[in-house]
Amino acid sequence: MTMQRAVVIGGSIAGLCAARVLADYFDRVTVLDRDAYPAGPLDRAGVPQGRHVHALLARGRRDLERLFPGFEQRMVAAGAHEIDFGCDFATLRGASWAVREESGIRTLFASRTLLETIVRDLLRALPRVELIERTAVTGLVAERDGRARVRAVRLADGELPAELVVDATGRGSKAPDWLGALGLAPPAETLVDSHSGYATRWYRAPEPARWPAQWWWWKGIWVDPHEPEHMTAGVLFPVEGGRWIVTIAGIAGHYPPSDEAGFGAALGRLRSPIIAHAVQLAEPISPVYSNRAMANRFRHFERWPERLDGFLAVGDSVCAFNPVYGQGMTTAAGAATLLAETLDRVGPTSPALPRTFFRAQARFLGDAWSLATGADFRFPGTTGARPALIGVFNRYLDALFNAAADDAALRRLVGEVIHMLRRPTALFAPSVLGRVARATLGRVLQPAAAAPVPALPAA
C-alpha cells in the first residue's frame, strides 16, 4: 500500500501542533524547517521574536496539554512559573492599580524557547513524525485533473511527495508566491497596523532579600499606556532560570529605544516607575532587542475563490496579530484542535478538507482578531479598514473596564474572555450590559475625585 504523507512547512508552534494532529491520520508526517534546531531551549534564527515576551493564555495551556499530554508537567519541571495573574501581578490599568484577588485562571510563564523546545520534544517522540532541519521549501508542485491538487513540495534538490501540505511558515510565508506560480491568485488580505514596536531586555532577577518589603507579593508587573500622556506600556515577566523578561511596547509610532541607555530611561517614563526600580536591583544579561513587525494581517483563505486541494495554512501564515495581545500561541493550538475536528468529519484526503477547515479556522480566529484590531483602532494613526461601529465598541469596552474595577463578577468575565475561555459576545449579554450601565450612571452621578497614580502598588 502506498504510504500517505503529510508535509508541514515550518517548525513553529503552529506547525508543531498541526503535525501532532496529522500524526493521527497519516502514515508519515514530515516537518520541514530551514533552521537547525538548537539542543535545548535556545534562540534560533527563524524565530527572532522569541527573545520578546510571550504569553500562553489559559485556553492555549489547556489545548497544548490535550495535544501533548504531559506538557504542563514538563513545563513546570523545567522551571515555568504557574501564576494567577489576578493576585500575582502588580497591574496598572485605567486610573489605578488592579484589585489583588484570586482569578481562578492559572497560566504558565516561561520563555518562548522553552515552550517550543518541550512541544518539539514531545512531538519527536511520536513514531510517525520526522523533523527535517536545514531544508527550505521553494514551491508547491500540483497536478490538474479537472482541479488543482498538491502532490509534492519543491526543494532545492528535488521534490518531496505529499498528499497534504500545511504552510506554517509564519508572517514571512511565501505561500502567495507559491500559489501565483501555480496560476492561482492569492487570497485577499486585511491589514490593520497601529505602528507599534517592542524593545526587550533580559535580566537576572535579584535575590528576594534585596527586594523592598512592600514588593514581597508580586511575581510580575503590567503597566498599561494611558493616552495621550503615556503612549508606552511596560511588562516584567518571570521566566525559568531566575530570569526576568522586561519589554516596553510603544503605540501609534512611539517606538521604544533600542539602545541600553535609552531603554532604561524609557522605563523611568512609564506611568509608574516600579519596573525601572525593579531592574535597578537586577543584573542585565542581554542587549536590547527590538521588533517593529507588529501589524495585524488576515489572509482570507475562508473566502478564497481559488481551489487547491491538499493545501492548508495555519498560524501567522493565515492570521498574524499584534503580539502585544499575546494571542498567537493560543490561537495556533486552538486551530490545531479545529483541524482534528475537521479531519474527523471529512477525512484527511477529502477535496472538502481545505474549504471546510479554512472556514472553521476563520470563525475561531475572528474573535481574537476583533479584540486585537479593536484595541489597535483606539490609537491615532492606526491604518486599515475601520469597522463602522468601532468607536461605539471601544467606548463600551472603556465603560466595561471602568465598571469591572469595582465589580468582581465583571473582572472574572473579562479575564475569561481575554484568556479565550469565553467568546467576546459574552461581554454583551443583557445582564452584563445592565451592570455596566448601572456602574456608568453611578460614576456620572457621583464622579470620583482625580487622584495621582501611586508610585508602587500596595499588596
# chains A, B, ... in the order shown; residues from 1 in each chain; ligands from 1
call {"tool": "residues_around", "arguments": {"residues": "segment 116-121 of chain A", "least_positions_apart": "5", "cutoff": "10 Å", "atoms": "only C-alpha atoms", "output": "PyMOL selection string"}}
result
chain A and resi 11-13+15-17+20+37-42+50+64-65+67-68+70-72+74-75+78+111+126+131+329
call {"tool": "select_by_dssp", "arguments": {"residues": "segment 152-307 of chain A", "states": "alpha helix (DSSP H)", "output": "number ranges by chain"}}
result
A: 175-181, 260-268, 274-280
call {"tool": "write_last_selection", "arguments": {"atoms": "C-alpha atoms", "output": "compact mmCIF listing (two decimals), in the first residue's frame"}}
result
# COMPACT_ATOMS: atom_id res chain seq x y z
CA ALA A 175 2.54 30.93 0.02
CA PRO A 176 1.16 33.83 -2.07
CA ASP A 177 4.17 33.48 -4.39
CA TRP A 178 3.87 29.69 -4.49
CA LEU A 179 0.19 29.94 -5.36
CA GLY A 180 0.92 32.53 -8.03
CA ALA A 181 3.46 30.20 -9.62
CA GLU A 260 20.64 50.35 26.60
CA ALA A 261 20.68 53.90 27.95
CA GLY A 262 17.54 54.86 26.09
CA PHE A 263 15.76 51.68 27.20
CA GLY A 264 16.50 52.40 30.86
CA ALA A 265 15.33 55.99 30.51
CA ALA A 266 12.11 54.85 28.82
CA LEU A 267 11.35 52.52 31.73
CA GLY A 268 11.50 55.54 34.01
CA ILE A 274 8.09 50.34 39.53
CA ILE A 275 9.70 48.41 36.64
CA ALA A 276 12.58 50.87 36.48
CA HIS A 277 13.09 50.44 40.24
CA ALA A 278 12.96 46.65 39.93
CA VAL A 279 15.59 46.38 37.18
CA GLN A 280 17.96 48.60 39.17
call {"tool": "closest_residue", "arguments": {"among": "A:Val192, A:Ser350, A:Leu108, A:Leu343", "to": "Ser370 of chain A", "atoms": "only C-alpha atoms"}}
result
A:Val192
call {"tool": "atom_distance", "arguments": {"atom1": "atom CA of Phe357 of chain A", "atom2": "atom CA of Glu302 of chain A"}}
result
8.2 Å
call {"tool": "closest_residue", "arguments": {"among": "A:Ala185, A:Leu236, A:Leu164, A:Val414", "to": "Phe109 of chain A", "atoms": "only C-alpha atoms"}}
result
A:Leu236
call {"tool": "closest_residue", "arguments": {"among": "A:Trp244, A:Thr383, A:Arg423, A:Ala336", "to": "Asp367 of chain A", "atoms": "only C-alpha atoms"}}
result
A:Arg423
call {"tool": "atom_distance", "arguments": {"atom1": "atom CA of Phe364 of chain A", "atom2": "atom CA of Tyr25 of chain A"}}
result
22.5 Å
call {"tool": "select_by_dssp", "arguments": {"residues": "segment 164-392 of chain A", "states": "strand (DSSP E)", "output": "count of residues only"}}
result
50
call {"tool": "closest_residue", "arguments": {"among": "A:Ala77, A:Val153, A:Ala90, A:Ala213", "to": "Phe237 of chain A", "atoms": "only C-alpha atoms"}}
result
A:Ala90
call {"tool": "closest_residue", "arguments": {"among": "A:Val436, A:Val137, A:Val76, A:Val417", "to": "Arg395 of chain A", "atoms": "only C-alpha atoms"}}
result
A:Val436
call {"tool": "closest_residue", "arguments": {"among": "A:Ala362, A:Leu92, A:Ala156, A:Ala282", "to": "His226 of chain A", "atoms": "only C-alpha atoms"}}
result
A:Leu92
call {"tool": "residues_around", "arguments": {"residues": "Asp309 of chain A", "least_positions_apart": "4", "cutoff": "12 Å", "atoms": "only C-alpha atoms", "output": "list of chain:residue names"}}
result
A:Leu140, A:Val141, A:Ala142, A:Glu143, A:Arg144, A:Asp145, A:Gly146, A:Arg147, A:Ala148, A:Arg149, A:Val150, A:Arg151, A:Ala152, A:Ala162, A:Glu163, A:Leu164, A:Val165, A:Val166, A:Pro348, A:Thr349, A:Ser350, A:Pro351, A:Ala352, A:Leu353, A:Pro354, A:Arg355, A:Thr356, A:Phe357
call {"tool": "write_last_selection", "arguments": {"atoms": "N, CA, C and O atoms", "output": "short mmCIF file (atom, residue, chain, number, x, y, z; two decimals), in the first residue's frame"}}
result
data_model
loop_
_atom_site.label_atom_id
_atom_site.label_comp_id
_atom_site.auth_asym_id
_atom_site.auth_seq_id
_atom_site.Cartn_x
_atom_site.Cartn_y
_atom_site.Cartn_z
N LEU A 140 5.41 24.77 -4.43
CA LEU A 140 4.48 23.65 -4.40
C LEU A 140 4.42 23.02 -5.78
O LEU A 140 4.57 23.69 -6.80
N VAL A 141 4.19 21.73 -5.82
CA VAL A 141 4.01 21.00 -7.06
C VAL A 141 2.57 20.50 -7.07
O VAL A 141 2.12 19.85 -6.11
N ALA A 142 1.84 20.82 -8.15
CA ALA A 142 0.43 20.45 -8.22
C ALA A 142 0.15 19.75 -9.54
O ALA A 142 0.86 19.94 -10.53
N GLU A 143 -0.87 18.96 -9.53
CA GLU A 143 -1.35 18.32 -10.76
C GLU A 143 -2.76 18.81 -11.02
O GLU A 143 -3.48 19.22 -10.10
N ARG A 144 -3.18 18.78 -12.26
CA ARG A 144 -4.52 19.23 -12.62
C ARG A 144 -5.25 18.10 -13.34
O ARG A 144 -4.83 17.64 -14.39
N ASP A 145 -6.34 17.68 -12.73
CA ASP A 145 -7.21 16.69 -13.35
C ASP A 145 -8.64 17.18 -13.12
O ASP A 145 -9.39 16.65 -12.30
N GLY A 146 -8.97 18.27 -13.80
CA GLY A 146 -10.24 18.93 -13.56
C GLY A 146 -10.11 20.02 -12.50
O GLY A 146 -10.73 21.07 -12.60
N ARG A 147 -9.27 19.78 -11.49
CA ARG A 147 -8.99 20.79 -10.47
C ARG A 147 -7.56 20.60 -9.99
O ARG A 147 -6.97 19.52 -10.14
N ALA A 148 -7.00 21.65 -9.40
CA ALA A 148 -5.62 21.60 -8.95
C ALA A 148 -5.53 20.89 -7.61
O ALA A 148 -6.37 21.08 -6.72
N ARG A 149 -4.49 20.04 -7.50
CA ARG A 149 -4.25 19.33 -6.24
C ARG A 149 -2.76 19.23 -6.00
O ARG A 149 -1.99 18.90 -6.92
N VAL A 150 -2.34 19.52 -4.76
CA VAL A 150 -0.94 19.40 -4.40
C VAL A 150 -0.51 17.93 -4.46
O VAL A 150 -1.25 17.05 -4.02
N ARG A 151 0.68 17.70 -5.01
CA ARG A 151 1.22 16.33 -4.99
C ARG A 151 2.62 16.27 -4.40
O ARG A 151 3.12 15.17 -4.13
N ALA A 152 3.24 17.45 -4.17
CA ALA A 152 4.60 17.45 -3.61
C ALA A 152 4.98 18.87 -3.22
O ALA A 152 4.32 19.85 -3.63
N ALA A 162 3.63 14.41 -1.30
CA ALA A 162 2.75 14.58 -0.15
C ALA A 162 1.30 14.57 -0.61
O ALA A 162 0.97 15.10 -1.67
N GLU A 163 0.45 13.96 0.21
CA GLU A 163 -0.99 14.02 -0.02
C GLU A 163 -1.61 15.27 0.59
O GLU A 163 -2.69 15.70 0.17
N LEU A 164 -0.92 15.84 1.58
CA LEU A 164 -1.40 17.07 2.21
C LEU A 164 -0.20 17.92 2.58
O LEU A 164 0.80 17.39 3.12
N VAL A 165 -0.28 19.22 2.32
CA VAL A 165 0.78 20.17 2.66
C VAL A 165 0.18 21.27 3.53
O VAL A 165 -0.87 21.84 3.19
N VAL A 166 0.86 21.59 4.63
CA VAL A 166 0.40 22.63 5.55
C VAL A 166 1.48 23.71 5.63
O VAL A 166 2.63 23.41 5.98
N PRO A 348 -8.91 12.91 5.83
CA PRO A 348 -7.64 13.59 5.56
C PRO A 348 -7.35 13.90 4.10
O PRO A 348 -6.53 14.78 3.81
N THR A 349 -7.96 13.19 3.17
CA THR A 349 -7.68 13.45 1.76
C THR A 349 -8.91 13.91 1.00
O THR A 349 -8.92 13.92 -0.22
N SER A 350 -9.94 14.32 1.71
CA SER A 350 -11.16 14.78 1.06
C SER A 350 -10.94 16.10 0.34
O SER A 350 -10.28 17.00 0.86
N PRO A 351 -11.51 16.26 -0.86
CA PRO A 351 -11.44 17.56 -1.53
C PRO A 351 -12.12 18.67 -0.72
O PRO A 351 -11.82 19.85 -0.92
N ALA A 352 -13.01 18.30 0.20
CA ALA A 352 -13.71 19.30 1.00
C ALA A 352 -12.87 19.79 2.19
O ALA A 352 -13.26 20.75 2.85
N LEU A 353 -11.73 19.14 2.45
CA LEU A 353 -10.97 19.48 3.65
C LEU A 353 -10.52 20.94 3.69
O LEU A 353 -10.76 21.62 4.69
N PRO A 354 -9.85 21.46 2.63
CA PRO A 354 -9.34 22.83 2.76
C PRO A 354 -10.44 23.85 3.04
O PRO A 354 -10.32 24.65 3.98
N ARG A 355 -11.49 23.84 2.25
CA ARG A 355 -12.52 24.87 2.44
C ARG A 355 -13.21 24.72 3.79
O ARG A 355 -13.50 25.70 4.47
N THR A 356 -13.50 23.48 4.19
CA THR A 356 -14.16 23.26 5.47
C THR A 356 -13.29 23.75 6.62
O THR A 356 -13.77 24.43 7.54
N PHE A 357 -12.00 23.41 6.58
CA PHE A 357 -11.10 23.83 7.65
C PHE A 357 -10.89 25.34 7.65
O PHE A 357 -10.94 25.99 8.71
#
call {"tool": "residues_around", "arguments": {"residues": "segment 371-380 of chain A", "least_positions_apart": "2", "cutoff": "8 Å", "atoms": "only C-alpha atoms", "output": "list in words"}}
result
Val192, Asp193, Ser194, Ile251, Ala252, Asn296, Phe321, Asn322, Tyr325, Asp367, Ala368, Trp369, Thr382, Arg386, Ile390, Gly391, Phe393, Asn394 and Pro424 of chain A
